[in-house]
file input-v5.cif (mmCIF, C-alpha atoms and all ligand atoms)
data_structure
loop_
_atom_site.label_atom_id
_atom_site.label_comp_id
_atom_site.auth_asym_id
_atom_site.auth_seq_id
_atom_site.Cartn_x
_atom_site.Cartn_y
_atom_site.Cartn_z
CA MET A 1 91.08 40.86 83.43
CA ARG A 2 91.59 44.61 83.57
CA ARG A 3 90.60 46.16 86.87
CA LEU A 4 92.00 49.69 86.53
CA PHE A 5 90.75 52.22 84.00
CA SER A 6 92.01 55.62 82.90
CA ALA A 7 92.14 57.97 79.92
CA GLN A 8 94.97 57.55 77.46
CA THR A 9 97.73 60.10 78.08
CA PRO A 10 100.76 60.77 75.87
CA PRO A 11 103.59 58.46 77.00
CA ALA A 12 106.15 60.40 79.06
CA GLU A 13 109.54 61.21 77.52
CA LEU A 14 111.77 62.62 80.23
CA LEU A 15 114.89 62.32 82.33
CA ILE A 16 114.96 62.97 86.08
CA ARG A 17 118.58 63.74 86.96
CA GLY A 18 120.25 63.01 90.27
CA ALA A 19 117.25 62.49 92.53
CA HIS A 20 117.39 60.07 95.46
CA LEU A 21 115.63 56.94 94.18
CA LEU A 22 113.78 54.96 96.83
CA ASP A 23 111.90 51.73 96.10
CA PRO A 24 111.83 49.59 99.26
CA ARG A 25 110.57 46.46 97.48
CA GLY A 26 113.11 46.74 94.68
CA GLY A 27 115.94 47.35 97.16
CA ILE A 28 116.75 50.75 95.61
CA ASP A 29 117.88 53.53 97.96
CA ALA A 30 120.51 55.73 96.30
CA PRO A 31 120.92 58.83 94.14
CA GLY A 32 120.53 58.21 90.43
CA ASP A 33 119.08 59.15 87.04
CA VAL A 34 115.76 57.80 85.76
CA LEU A 35 115.09 57.80 82.04
CA VAL A 36 111.45 57.44 81.00
CA SER A 37 110.81 56.81 77.32
CA GLY A 38 107.58 55.75 75.69
CA GLY A 39 105.99 55.73 79.14
CA THR A 40 108.38 53.02 80.32
CA ILE A 41 111.38 53.21 82.64
CA ALA A 42 114.01 52.82 79.93
CA ALA A 43 117.18 53.14 82.03
CA LEU A 44 118.50 53.74 85.53
CA GLY A 45 122.03 54.95 86.21
CA PRO A 46 124.34 56.85 88.54
CA PRO A 47 123.74 60.63 88.75
CA GLY A 48 124.79 62.37 85.54
CA SER A 49 125.16 59.16 83.54
CA LEU A 50 122.03 59.35 81.36
CA ALA A 51 120.96 61.74 78.61
CA ALA A 52 117.45 63.09 78.07
CA PRO A 53 115.44 61.36 75.34
CA PRO A 54 115.43 63.20 71.99
CA GLY A 55 112.82 65.96 72.25
CA GLY A 56 112.09 64.99 75.85
CA GLU A 57 112.58 67.11 78.91
CA SER A 58 115.29 67.01 81.54
CA ILE A 59 114.26 67.55 85.15
CA ASP A 60 116.69 68.46 87.92
CA GLY A 61 116.12 65.97 90.73
CA ALA A 62 118.92 67.16 93.01
CA GLY A 63 117.76 67.30 96.63
CA ARG A 64 114.53 65.55 95.69
CA HIS A 65 113.21 61.98 95.95
CA VAL A 66 111.70 59.64 93.37
CA PHE A 67 109.28 57.05 94.78
CA PRO A 68 107.05 54.45 93.13
CA ALA A 69 103.67 56.19 92.72
CA PHE A 70 101.38 55.59 95.70
CA VAL A 71 98.27 53.42 95.54
CA ASP A 72 95.12 54.34 97.50
CA PRO A 73 92.71 51.45 97.94
CA HIS A 74 89.95 53.55 99.51
CA VAL A 75 88.56 56.75 97.99
CA HIS A 76 85.09 58.17 97.43
CA LEU A 77 84.86 59.78 93.99
CA ARG A 78 81.10 60.47 94.34
CA VAL A 79 80.37 59.21 90.82
CA PRO A 80 77.68 58.57 89.80
CA GLY A 81 75.22 60.96 91.40
CA GLU A 82 77.09 63.52 93.50
CA GLU A 83 79.30 65.22 90.95
CA HIS A 84 78.94 68.54 92.80
CA LYS A 85 81.24 67.04 95.47
CA GLU A 86 83.75 65.28 93.19
CA ASP A 87 83.95 63.55 89.83
CA LEU A 88 86.38 61.25 88.08
CA HIS A 89 88.34 64.16 86.67
CA SER A 90 88.70 66.22 89.86
CA GLY A 91 89.16 63.18 92.10
CA THR A 92 91.94 61.70 90.01
CA ARG A 93 93.55 65.14 89.69
CA ALA A 94 93.60 65.30 93.50
CA ALA A 95 95.08 61.79 93.54
CA ALA A 96 97.84 62.70 91.11
CA ALA A 97 98.58 65.87 93.13
CA GLY A 98 99.16 63.62 96.12
CA GLY A 99 101.58 61.35 94.26
CA PHE A 100 99.04 58.56 93.73
CA GLY A 101 99.31 56.53 90.54
CA ALA A 102 96.17 54.47 91.15
CA VAL A 103 93.08 54.59 93.37
CA ILE A 104 90.16 52.31 94.15
CA ALA A 105 86.73 53.95 94.41
CA MET A 106 83.96 52.87 96.78
CA PRO A 107 80.49 51.89 95.53
CA ASN A 108 78.31 53.92 97.95
CA THR A 109 77.27 56.20 95.12
CA ARG A 110 73.84 57.19 93.74
CA PRO A 111 72.94 54.74 92.34
CA THR A 112 75.08 52.18 94.15
CA ILE A 113 77.66 50.27 92.11
CA ASP A 114 75.79 47.01 92.59
CA ASN A 115 75.18 45.82 89.02
CA THR A 116 77.22 45.40 85.86
CA ALA A 117 75.40 48.23 84.02
CA VAL A 118 76.55 50.86 86.52
CA LEU A 119 80.02 49.32 86.71
CA GLY A 120 80.30 49.23 82.91
CA SER A 121 79.34 52.88 82.51
CA LEU A 122 81.91 53.86 85.16
CA ARG A 123 84.63 51.91 83.39
CA GLU A 124 83.85 53.82 80.21
CA ALA A 125 83.71 57.17 82.01
CA ALA A 126 87.08 56.46 83.62
CA MET A 127 88.58 55.68 80.21
CA ARG A 128 87.51 59.18 79.14
CA GLU A 129 88.12 61.22 82.28
CA ALA A 130 90.46 59.60 84.79
CA ARG A 131 93.94 61.07 85.01
CA VAL A 132 95.25 58.13 87.02
CA PRO A 133 93.97 54.55 86.80
CA VAL A 134 90.84 53.92 88.87
CA GLY A 135 89.45 50.63 90.10
CA PHE A 136 85.85 50.31 91.23
CA MET A 137 84.68 48.15 94.09
CA ALA A 138 81.21 46.69 93.77
CA ALA A 139 78.74 46.47 96.63
CA ILE A 140 78.37 43.30 98.69
CA SER A 141 74.61 43.88 98.98
CA PRO A 142 72.26 45.67 96.54
CA GLY A 143 71.80 49.28 97.61
CA LEU A 144 74.05 48.49 100.61
CA ALA A 145 70.86 47.28 102.26
CA GLY A 146 72.60 44.30 103.84
CA ASP A 147 69.79 41.82 103.21
CA ARG A 148 71.08 39.80 100.23
CA LEU A 149 74.15 39.52 98.00
CA THR A 150 74.85 41.24 94.70
CA GLU A 151 75.73 39.11 91.66
CA MET A 152 79.32 38.93 92.87
CA VAL A 153 80.60 36.47 90.29
CA GLU A 154 79.15 38.52 87.45
CA LEU A 155 80.49 41.79 88.91
CA ARG A 156 83.94 40.34 89.38
CA GLY A 157 83.83 39.13 85.77
CA ALA A 158 82.95 42.68 84.71
CA GLY A 159 86.07 44.10 86.36
CA ALA A 160 85.07 44.87 89.97
CA ALA A 161 88.27 45.52 91.93
CA ALA A 162 86.80 43.99 95.10
CA PHE A 163 83.60 44.11 97.17
CA THR A 164 82.47 46.40 99.95
CA ASP A 165 79.41 48.00 101.51
CA ASP A 166 81.65 50.82 102.79
CA GLY A 167 79.76 53.59 104.47
CA ARG A 168 77.90 50.80 106.21
CA PRO A 169 78.89 47.60 107.97
CA VAL A 170 77.68 44.15 106.91
CA ILE A 171 75.54 43.66 110.00
CA SER A 172 74.28 40.15 109.24
CA ALA A 173 76.91 37.54 110.11
CA GLY A 174 75.05 35.09 107.90
CA LEU A 175 75.27 37.40 104.89
CA LEU A 176 78.99 37.93 105.47
CA ARG A 177 79.47 34.18 105.64
CA ARG A 178 77.74 33.71 102.28
CA ALA A 179 79.72 36.62 100.81
CA LEU A 180 82.92 34.83 101.85
CA GLN A 181 81.73 31.68 100.07
CA TYR A 182 81.22 33.67 96.87
CA GLN A 183 84.47 35.55 97.34
CA ARG A 184 86.34 32.25 97.37
CA LEU A 185 84.58 31.34 94.14
CA CYS A 186 85.21 34.57 92.23
CA GLY A 187 88.37 35.99 93.82
CA GLY A 188 88.88 39.54 94.97
CA VAL A 189 88.61 40.61 98.59
CA LEU A 190 85.77 41.64 100.90
CA ALA A 191 86.61 45.08 102.28
CA LEU A 192 84.74 45.88 105.47
CA HIS A 193 83.67 49.08 107.18
CA GLU A 194 83.56 47.69 110.71
CA GLU A 195 80.94 49.24 112.92
CA ASP A 196 78.17 47.95 115.16
CA PRO A 197 75.37 50.54 114.78
CA SER A 198 73.78 49.39 118.04
CA LEU A 199 76.93 50.70 119.74
CA SER A 200 77.77 53.71 117.56
CA GLY A 201 74.17 54.95 117.49
CA ALA A 202 73.92 58.67 116.85
CA GLY A 203 77.48 59.31 118.03
CA ALA A 204 79.36 62.16 116.39
CA MET A 205 82.88 61.65 117.79
CA HIS A 206 84.97 59.20 119.82
CA GLU A 207 83.37 58.25 123.13
CA GLY A 208 85.80 59.34 125.83
CA GLU A 209 86.89 62.20 128.04
CA VAL A 210 86.68 64.81 125.29
CA SER A 211 83.17 63.82 124.19
CA ALA A 212 82.04 63.86 127.83
CA LEU A 213 83.53 67.33 128.27
CA LEU A 214 81.87 68.63 125.11
CA GLY A 215 78.59 66.88 125.85
CA ILE A 216 78.56 65.21 122.44
CA ALA A 217 77.28 61.66 121.94
CA GLY A 218 80.20 59.29 121.43
CA ILE A 219 81.11 56.31 119.25
CA PRO A 220 82.93 53.79 121.48
CA SER A 221 85.97 51.88 120.25
CA ILE A 222 84.12 48.59 120.80
CA SER A 223 81.70 49.59 118.05
CA GLU A 224 84.59 48.86 115.66
CA SER A 225 86.72 46.28 117.46
CA THR A 226 83.92 43.81 118.27
CA MET A 227 82.98 43.68 114.58
CA VAL A 228 86.63 43.22 113.54
CA ALA A 229 86.91 40.29 115.95
CA ARG A 230 83.55 38.81 114.88
CA ASP A 231 84.32 38.98 111.19
CA ALA A 232 87.84 37.58 111.63
CA ALA A 233 86.23 34.65 113.45
CA ILE A 234 83.78 34.11 110.60
CA ALA A 235 86.67 34.18 108.08
CA ALA A 236 88.62 31.73 110.27
CA HIS A 237 85.69 29.34 110.06
CA GLU A 238 84.70 29.89 106.45
CA GLY A 239 87.97 30.75 104.68
CA GLY A 240 88.09 33.62 102.21
CA ARG A 241 89.85 36.98 102.32
CA LEU A 242 88.84 39.98 104.41
CA HIS A 243 90.28 43.48 104.41
CA MET A 244 89.52 45.70 107.40
CA GLN A 245 89.02 49.29 106.31
CA HIS A 246 90.11 52.44 108.16
CA LEU A 247 91.10 50.98 111.54
CA SER A 248 90.82 53.60 114.28
CA ALA A 249 91.00 51.84 117.67
CA ARG A 250 93.78 50.11 119.62
CA GLU A 251 91.47 47.13 120.28
CA SER A 252 90.91 46.72 116.53
CA VAL A 253 94.65 46.56 115.87
CA GLU A 254 94.89 43.88 118.57
CA ALA A 255 92.04 41.93 116.96
CA VAL A 256 93.74 42.04 113.55
CA ALA A 257 97.07 40.98 115.09
CA ALA A 258 95.35 38.03 116.79
CA ALA A 259 93.62 36.99 113.55
CA LYS A 260 96.87 37.17 111.58
CA ALA A 261 98.67 35.17 114.26
CA ALA A 262 95.95 32.52 113.92
CA GLY A 263 96.54 32.33 110.17
CA VAL A 264 93.35 34.06 109.03
CA ALA A 265 93.63 35.72 105.58
CA VAL A 266 92.98 39.22 106.83
CA THR A 267 94.57 42.54 105.85
CA ALA A 268 94.02 46.04 107.20
CA GLU A 269 94.39 49.69 106.31
CA VAL A 270 94.72 52.93 108.27
CA SER A 271 94.16 56.54 107.23
CA PRO A 272 96.60 59.44 107.49
CA HIS A 273 94.14 61.30 109.75
CA HIS A 274 93.88 58.46 112.25
CA LEU A 275 97.69 58.22 112.26
CA SER A 276 98.14 61.98 112.77
CA LEU A 277 95.24 63.41 114.79
CA THR A 278 93.25 62.58 117.93
CA ASP A 279 89.98 63.56 119.57
CA ASP A 280 91.91 66.48 121.06
CA ASP A 281 91.69 67.99 117.57
CA VAL A 282 87.91 67.89 117.85
CA ARG A 283 87.79 70.24 120.89
CA GLY A 284 87.27 73.27 118.67
CA LEU A 285 84.28 71.52 117.02
CA ASP A 286 85.77 72.01 113.55
CA THR A 287 83.52 69.86 111.36
CA ARG A 288 86.46 69.00 109.12
CA ALA A 289 87.65 66.77 111.96
CA LYS A 290 84.37 64.83 111.97
CA MET A 291 84.63 61.47 110.27
CA ASN A 292 83.57 57.86 110.67
CA PRO A 293 85.31 56.09 112.31
CA PRO A 294 86.13 59.08 114.50
CA LEU A 295 89.52 60.38 115.59
CA ARG A 296 90.29 58.56 118.82
CA THR A 297 92.81 58.98 121.64
CA GLU A 298 96.58 59.31 121.67
CA SER A 299 96.78 55.71 122.89
CA ASP A 300 94.80 54.59 119.83
CA ARG A 301 96.93 56.69 117.52
CA THR A 302 100.10 55.16 118.98
CA ALA A 303 98.71 51.66 118.48
CA LEU A 304 97.91 52.46 114.84
CA VAL A 305 101.44 53.78 114.25
CA ASP A 306 102.91 50.67 115.90
CA GLY A 307 100.59 48.46 113.85
CA LEU A 308 101.64 50.14 110.62
CA ARG A 309 105.31 49.79 111.52
CA SER A 310 105.04 46.11 112.47
CA GLY A 311 102.96 45.18 109.42
CA THR A 312 99.84 44.24 111.41
CA ILE A 313 98.34 47.05 109.34
CA ASP A 314 99.27 46.44 105.71
CA CYS A 315 98.67 49.74 104.01
CA VAL A 316 97.71 53.39 104.16
CA ALA A 317 94.34 54.39 102.65
CA THR A 318 92.98 57.93 102.69
CA ASP A 319 89.21 57.30 102.80
CA HIS A 320 89.09 60.52 100.73
CA ALA A 321 85.51 61.67 101.35
CA PRO A 322 84.53 64.94 99.64
CA HIS A 323 81.52 66.84 101.00
CA ALA A 324 79.72 69.97 99.84
CA ARG A 325 80.13 73.11 101.92
CA GLU A 326 76.47 73.06 103.02
CA ASP A 327 76.98 69.58 104.51
CA LYS A 328 79.90 70.79 106.67
CA ASP A 329 78.98 74.42 107.46
CA VAL A 330 76.50 73.33 110.12
CA PRO A 331 76.75 72.55 113.86
CA PHE A 332 79.15 69.69 114.61
CA GLU A 333 76.50 67.13 115.49
CA GLN A 334 74.63 67.65 112.22
CA ALA A 335 77.68 67.79 109.93
CA ALA A 336 78.42 65.07 107.39
CA MET A 337 81.21 62.64 108.28
CA GLY A 338 84.40 62.55 106.22
CA THR A 339 87.53 64.38 105.17
CA ILE A 340 89.32 64.70 101.87
CA GLY A 341 92.85 63.32 102.04
CA LEU A 342 94.48 62.52 98.71
CA GLU A 343 96.48 65.73 98.39
CA THR A 344 97.76 65.69 101.97
CA ALA A 345 98.38 61.97 102.67
CA PHE A 346 102.10 61.81 102.03
CA ALA A 347 102.89 65.23 103.51
CA ALA A 348 100.83 64.54 106.64
CA LEU A 349 102.60 61.24 107.30
CA ASN A 350 106.02 62.60 106.39
CA THR A 351 105.40 65.42 108.87
CA THR A 352 103.88 63.47 111.75
CA LEU A 353 105.65 60.10 111.43
CA VAL A 354 108.84 60.27 109.37
CA ARG A 355 110.33 63.59 110.45
CA PRO A 356 109.95 62.87 114.19
CA GLY A 357 111.51 59.41 113.64
CA LEU A 358 108.40 57.33 114.40
CA LEU A 359 108.45 55.53 111.03
CA GLY A 360 111.22 55.16 108.46
CA LEU A 361 110.74 56.81 105.08
CA SER A 362 111.12 53.52 103.23
CA ALA A 363 108.52 51.85 105.49
CA LEU A 364 106.11 54.69 104.72
CA ILE A 365 106.67 54.31 100.97
CA GLU A 366 106.10 50.57 101.24
CA ARG A 367 102.81 51.07 103.13
CA MET A 368 101.64 53.75 100.70
CA THR A 369 102.02 51.39 97.76
CA ALA A 370 100.98 48.14 99.48
CA GLY A 371 97.29 48.71 98.77
CA ALA A 372 98.08 47.35 95.30
CA ARG A 373 99.35 44.09 96.79
CA VAL A 374 96.30 43.71 99.04
CA PHE A 375 93.97 44.03 96.05
CA ASP A 376 96.05 41.94 93.62
CA LEU A 377 97.08 44.87 91.43
CA GLU A 378 100.54 45.40 90.02
CA VAL A 379 102.68 47.18 92.61
CA PRO A 380 104.47 50.23 91.17
CA THR A 381 108.23 49.75 91.10
CA ILE A 382 111.36 51.58 89.98
CA ALA A 383 112.82 49.03 87.57
CA VAL A 384 114.01 49.06 83.98
CA GLY A 385 111.24 47.82 81.71
CA ALA A 386 108.44 48.67 84.14
CA GLN A 387 105.64 51.03 83.13
CA ALA A 388 106.48 54.43 84.63
CA ASN A 389 104.49 54.94 87.83
CA LEU A 390 106.56 57.44 89.78
CA CYS A 391 106.36 60.56 91.86
CA LEU A 392 109.00 63.24 92.39
CA VAL A 393 108.86 64.72 95.88
CA ASP A 394 110.60 67.51 97.77
CA LEU A 395 110.62 66.18 101.34
CA ASP A 396 111.52 69.49 102.97
CA ALA A 397 109.21 71.86 101.11
CA ALA A 398 106.77 73.35 103.62
CA TRP A 399 103.26 74.35 102.60
CA ARG A 400 100.11 75.41 104.36
CA VAL A 401 97.22 73.10 103.47
CA GLY A 402 94.48 74.81 101.52
CA GLU A 403 96.36 78.08 101.09
CA ALA A 404 96.54 77.56 97.33
CA GLY A 405 93.16 75.79 97.21
CA TYR A 406 92.59 72.11 96.43
CA GLU A 407 92.57 70.05 93.27
CA SER A 408 89.58 68.21 94.72
CA ARG A 409 86.20 69.82 94.11
CA SER A 410 85.61 69.83 97.88
CA GLU A 411 87.51 71.59 100.65
CA ASN A 412 86.63 69.57 103.75
CA CYS A 413 90.21 68.70 104.70
CA CYS A 414 90.98 67.92 108.33
CA PHE A 415 94.56 69.14 107.75
CA GLY A 416 93.35 72.49 106.37
CA GLY A 417 95.44 75.38 107.69
CA ARG A 418 98.23 73.12 108.99
CA LEU A 419 101.84 73.49 107.94
CA LEU A 420 103.07 70.24 106.37
CA HIS A 421 106.45 69.20 105.00
CA GLY A 422 106.76 67.32 101.72
CA ARG A 423 105.52 68.45 98.36
CA VAL A 424 104.72 66.28 95.35
CA LEU A 425 106.23 68.01 92.31
CA LEU A 426 105.46 65.54 89.54
CA THR A 427 103.43 62.35 89.21
CA ILE A 428 103.67 59.88 86.36
CA ALA A 429 100.83 57.35 86.28
CA ALA A 430 100.40 54.50 83.79
CA GLY A 431 103.30 55.92 81.77
CA GLY A 432 101.96 59.47 81.36
CA VAL A 433 102.52 62.73 83.25
CA ALA A 434 99.42 63.03 85.44
CA TYR A 435 100.41 66.01 87.56
CA ARG A 436 102.93 68.81 87.71
CA GLN A 437 103.00 71.15 90.68
CA ARG A 438 102.13 74.71 89.61
CA ALA A 439 105.19 76.39 91.05
CA PHE A 440 107.50 73.60 89.85
CA ALA A 441 109.58 74.90 86.96
CA VAL A 442 110.48 72.24 84.43
CA GLY A 443 112.16 72.12 81.08
CA ALA A 444 115.65 73.45 80.48
CA ALA A 445 118.44 71.35 81.92
ZN ZN B 501 83.90 53.49 105.91
ZN ZN B 502 85.07 55.14 103.04
#
call {"tool": "encode", "arguments": {"input": "input-v5.cif", "output": "structure tokens"}}
result
Amino acid sequence: MRRLFSAQTPPAELLIRGAHLLDPRGGIDAPGDVLVSGGTIAALGPPGSLAAPPGGESIDGAGRHVFPAFVDPHVHLRVPGEEHKEDLHSGTRAAAAGGFGAVIAMPNTRPTIDNTAVLGSLREAAMREARVPVGFMAAISPGLAGDRLTEMVELRGAGAAAFTDDGRPVISAGLLRRALQYQRLCGGVLALHEEDPSLSGAGAMHEGEVSALLGIAGIPSISESTMVARDAAIAAHEGGRLHMQHLSARESVEAVAAAKAAGVAVTAEVSPHHLSLTDDDVRGLDTRAKMNPPLRTESDRTALVDGLRSGTIDCVATDHAPHAREDKDVPFEQAAMGTIGLETAFAALNTTLVRPGLLGLSALIERMTAGARVFDLEVPTIAVGAQANLCLVDLDAAWRVGEAGYESRSENCCFGGRLLHGRVLLTIAAGGVAYRQRAFAVGAA
């Protein structure tokens, strides 16, 4: 069953010469040549050992890195219904610009992806418009209303990548239990936005010292962590697979660690913004730093970094959430929640985690591709015979976020204006060139 869909692109014919090849799963970490022919990795060799394919281009990789293309299991592409914020074309262009070779889109669209007709039309649209392969999650409950289940078996049979009510929690424990029973029947994973609305209420940022100082209603960490613990307990009882989305709080990391230690089939993701920023970054009331779950404290951020390093947290996911200007150019408390993140994910984490020595580069690459493993998709790899899913990156190139605009249709990026290190120069997805950085000269050897 196919679960990723994209437009056909001409198969890449090119040689990348002398880049540092890094594929943690494949055990590759050395300089070398990569020959891509017919969209497939045709040969790997020591630097200078391979020739460009006839009529193909030769790219100087010296001083640059080649990674397996990243996989983002959590993006909002706003299709159908909010194409003024993003669409399949602009969203997958942003993905490719960030080095992503595949993304999974959330179903909180208008209408909701909660039936096979909507899912089917999205599959077809992706086969026309998507620059990198896109998977679509289907809703757990119709309209995300949380009162009954969608036709999960049918949706899974129609290619749903997984199930989620993201944007909202599954409040009813009974409904989650039944969803787990169906998940075991039809496969896939239940991905959960963990939040207890009776605790988060009308909060606009993390509940703590900074929110008290600013006089803004807060969202306490327990709003997330109590739901993580509850749902892990339900999965422990019922069986089935849960994936905890966008962890933000130290207590949530502890709850996931405890569930894993007890043998529960639970996985977790964390976003680049929760790994890089804290509620300190909200002091200026910049609405780009408003998202749900909110940026929390330095202690939370440290726990998330530790969790990612130890493997308690399986993968990085951007929660790319485009918003129109009029939804963000309002007072902080009224602003929409969310930040775009596809174009900045690698650079943000390279800058805040790898360069200061908090996380190894190969660990970061593993966690940025592991979303594929969590959702049973093929994990991109640098290996002869594999379909080419690669990105070429200059780790040292510095750039100011937003200075040259965004590939996304929206501009609400929490890293906007920051200086980041690490630039994606070229992305090959599903065998075709999906992105080439504007200033990146290619061609002549
Ligand atoms: Zn969410
Ligand atoms: Zn989301």
call {"tool": "residues_near_ligand", "arguments": {"input": "input-v5.cif", "ligand": "ligand ZN 501 (chain B)", "cutoff": "6 Å", "atoms": "all atoms listed in the file", "output": "ChimeraX atom specification"}}
result
/A:166-167,193
call {"tool": "atom_distance", "arguments": {"input": "input-v5.cif", "atom1": "atom CA of Gly239 of chain A", "atom2": "atom CA of Ile140 of chain A"}}
result
16.9 Å
call {"tool": "closest_residue", "arguments": {"input": "input-v5.cif", "among": "A:Ala52, A:Leu35, A:Leu199, A:Ala191", "to": "Pro73 of chain A", "atoms": "all atoms listed in the file"}}
result
A:Ala191
call {"tool": "atom_distance", "arguments": {"input": "input-v5.cif", "atom1": "atom CA of Asp306 of chain A", "atom2": "atom CA of Ala232 of chain A"}}
result
20.4 Å
call {"tool": "atom_distance", "arguments": {"input": "input-v5.cif", "atom1": "atom CA of Gly311 of chain A", "atom2": "atom CA of Ala257 of chain A"}}
result
9.2 Å
call {"tool": "closest_residue", "arguments": {"input": "input-v5.cif", "among": "A:Ala97, A:Ala258, A:Thr40, A:Tyr182", "to": "Arg438 of chain A", "atoms": "all atoms listed in the file"}}
result
A:Ala97
call {"tool": "closest_atom_pairs", "arguments": {"input": "input-v5.cif", "of": "chain A", "to": "ligand ZN 502 (chain B)", "cutoff": "9 Å", "atoms": "all atoms listed in the file", "output": "tab-separated table"}}
result
residue	atom	partner	partner_atom	distance
A:His74	CA	B:ZN502	ZN	6.2
A:Val75	CA	B:ZN502	ZN	6.3
A:His76	CA	B:ZN502	ZN	6.4
A:Ala105	CA	B:ZN502	ZN	8.9
A:Met106	CA	B:ZN502	ZN	6.8
A:Asn108	CA	B:ZN502	ZN	8.5
A:Asp166	CA	B:ZN502	ZN	5.5
A:Gly167	CA	B:ZN502	ZN	5.7
A:Arg168	CA	B:ZN502	ZN	9.0
A:His193	CA	B:ZN502	ZN	7.5
A:Gln245	CA	B:ZN502	ZN	7.8
A:His246	CA	B:ZN502	ZN	7.7
A:Asn292	CA	B:ZN502	ZN	8.2
A:Thr318	CA	B:ZN502	ZN	8.4
A:Asp319	CA	B:ZN502	ZN	4.7
A:His320	CA	B:ZN502	ZN	7.1
A:Ala321	CA	B:ZN502	ZN	6.8
A:Gly338	CA	B:ZN502	ZN	8.1
call {"tool": "residues_around", "arguments": {"input": "input-v5.cif", "residues": "segment 158-165 of chain A", "least_positions_apart": "5", "cutoff": "10 Å", "atoms": "only C-alpha atoms", "output": "PDB file with C-alpha atoms, keeping the file's coordinate frame"}}
result
ATOM      1  CA  MET A   1      91.080  40.860  83.430  1.00  0.00           C
ATOM      2  CA  ARG A   2      91.590  44.610  83.570  1.00  0.00           C
ATOM      3  CA  ARG A   3      90.600  46.160  86.870  1.00  0.00           C
ATOM      4  CA  LEU A   4      92.000  49.690  86.530  1.00  0.00           C
ATOM      5  CA  PHE A   5      90.750  52.220  84.000  1.00  0.00           C
ATOM      6  CA  PRO A  73      92.710  51.450  97.940  1.00  0.00           C
ATOM      7  CA  ILE A 104      90.160  52.310  94.150  1.00  0.00           C
ATOM      8  CA  ALA A 105      86.730  53.950  94.410  1.00  0.00           C
ATOM      9  CA  MET A 106      83.960  52.870  96.780  1.00  0.00           C
ATOM     10  CA  PRO A 107      80.490  51.890  95.530  1.00  0.00           C
ATOM     11  CA  ASN A 108      78.310  53.920  97.950  1.00  0.00           C
ATOM     12  CA  THR A 112      75.080  52.180  94.150  1.00  0.00           C
ATOM     13  CA  ILE A 113      77.660  50.270  92.110  1.00  0.00           C
ATOM     14  CA  ASP A 114      75.790  47.010  92.590  1.00  0.00           C
ATOM     15  CA  ASN A 115      75.180  45.820  89.020  1.00  0.00           C
ATOM     16  CA  THR A 116      77.220  45.400  85.860  1.00  0.00           C
ATOM     17  CA  ALA A 117      75.400  48.230  84.020  1.00  0.00           C
ATOM     18  CA  LEU A 119      80.020  49.320  86.710  1.00  0.00           C
ATOM     19  CA  GLY A 120      80.300  49.230  82.910  1.00  0.00           C
ATOM     20  CA  ARG A 123      84.630  51.910  83.390  1.00  0.00           C
ATOM     21  CA  VAL A 134      90.840  53.920  88.870  1.00  0.00           C
ATOM     22  CA  GLY A 135      89.450  50.630  90.100  1.00  0.00           C
ATOM     23  CA  PHE A 136      85.850  50.310  91.230  1.00  0.00           C
ATOM     24  CA  MET A 137      84.680  48.150  94.090  1.00  0.00           C
ATOM     25  CA  ALA A 138      81.210  46.690  93.770  1.00  0.00           C
ATOM     26  CA  ALA A 139      78.740  46.470  96.630  1.00  0.00           C
ATOM     27  CA  ILE A 140      78.370  43.300  98.690  1.00  0.00           C
ATOM     28  CA  SER A 141      74.610  43.880  98.980  1.00  0.00           C
ATOM     29  CA  PRO A 142      72.260  45.670  96.540  1.00  0.00           C
ATOM     30  CA  GLY A 143      71.800  49.280  97.610  1.00  0.00           C
ATOM     31  CA  LEU A 144      74.050  48.490 100.610  1.00  0.00           C
ATOM     32  CA  ALA A 145      70.860  47.280 102.260  1.00  0.00           C
ATOM     33  CA  GLY A 146      72.600  44.300 103.840  1.00  0.00           C
ATOM     34  CA  THR A 150      74.850  41.240  94.700  1.00  0.00           C
ATOM     35  CA  MET A 152      79.320  38.930  92.870  1.00  0.00           C
ATOM     36  CA  VAL A 153      80.600  36.470  90.290  1.00  0.00           C
ATOM     37  CA  VAL A 170      77.680  44.150 106.910  1.00  0.00           C
ATOM     38  CA  ALA A 179      79.720  36.620 100.810  1.00  0.00           C
ATOM     39  CA  GLN A 183      84.470  35.550  97.340  1.00  0.00           C
ATOM     40  CA  CYS A 186      85.210  34.570  92.230  1.00  0.00           C
ATOM     41  CA  GLY A 187      88.370  35.990  93.820  1.00  0.00           C
ATOM     42  CA  GLY A 188      88.880  39.540  94.970  1.00  0.00           C
ATOM     43  CA  VAL A 189      88.610  40.610  98.590  1.00  0.00           C
ATOM     44  CA  LEU A 190      85.770  41.640 100.900  1.00  0.00           C
ATOM     45  CA  ALA A 191      86.610  45.080 102.280  1.00  0.00           C
ATOM     46  CA  LEU A 192      84.740  45.880 105.470  1.00  0.00           C
ATOM     47  CA  HIS A 193      83.670  49.080 107.180  1.00  0.00           C
ATOM     48  CA  LEU A 242      88.840  39.980 104.410  1.00  0.00           C
ATOM     49  CA  HIS A 243      90.280  43.480 104.410  1.00  0.00           C
ATOM     50  CA  GLN A 245      89.020  49.290 106.310  1.00  0.00           C
ATOM     51  CA  PHE A 375      93.970  44.030  96.050  1.00  0.00           C
ATOM     52  CA  ASP A 376      96.050  41.940  93.620  1.00  0.00           C
ATOM     53  CA  LEU A 377      97.080  44.870  91.430  1.00  0.00           C
TER      54      LEU A 377
END
call {"tool": "residues_around", "arguments": {"input": "input-v5.cif", "residues": "Ala43 of chain A", "least_positions_apart": "4", "cutoff": "9 Å", "atoms": "only C-alpha atoms", "output": "list in words"}}
result
Asp33, Val34, Leu35, Val36, Ser37, Leu50, Ala383, Val384 and Gly385 of chain A
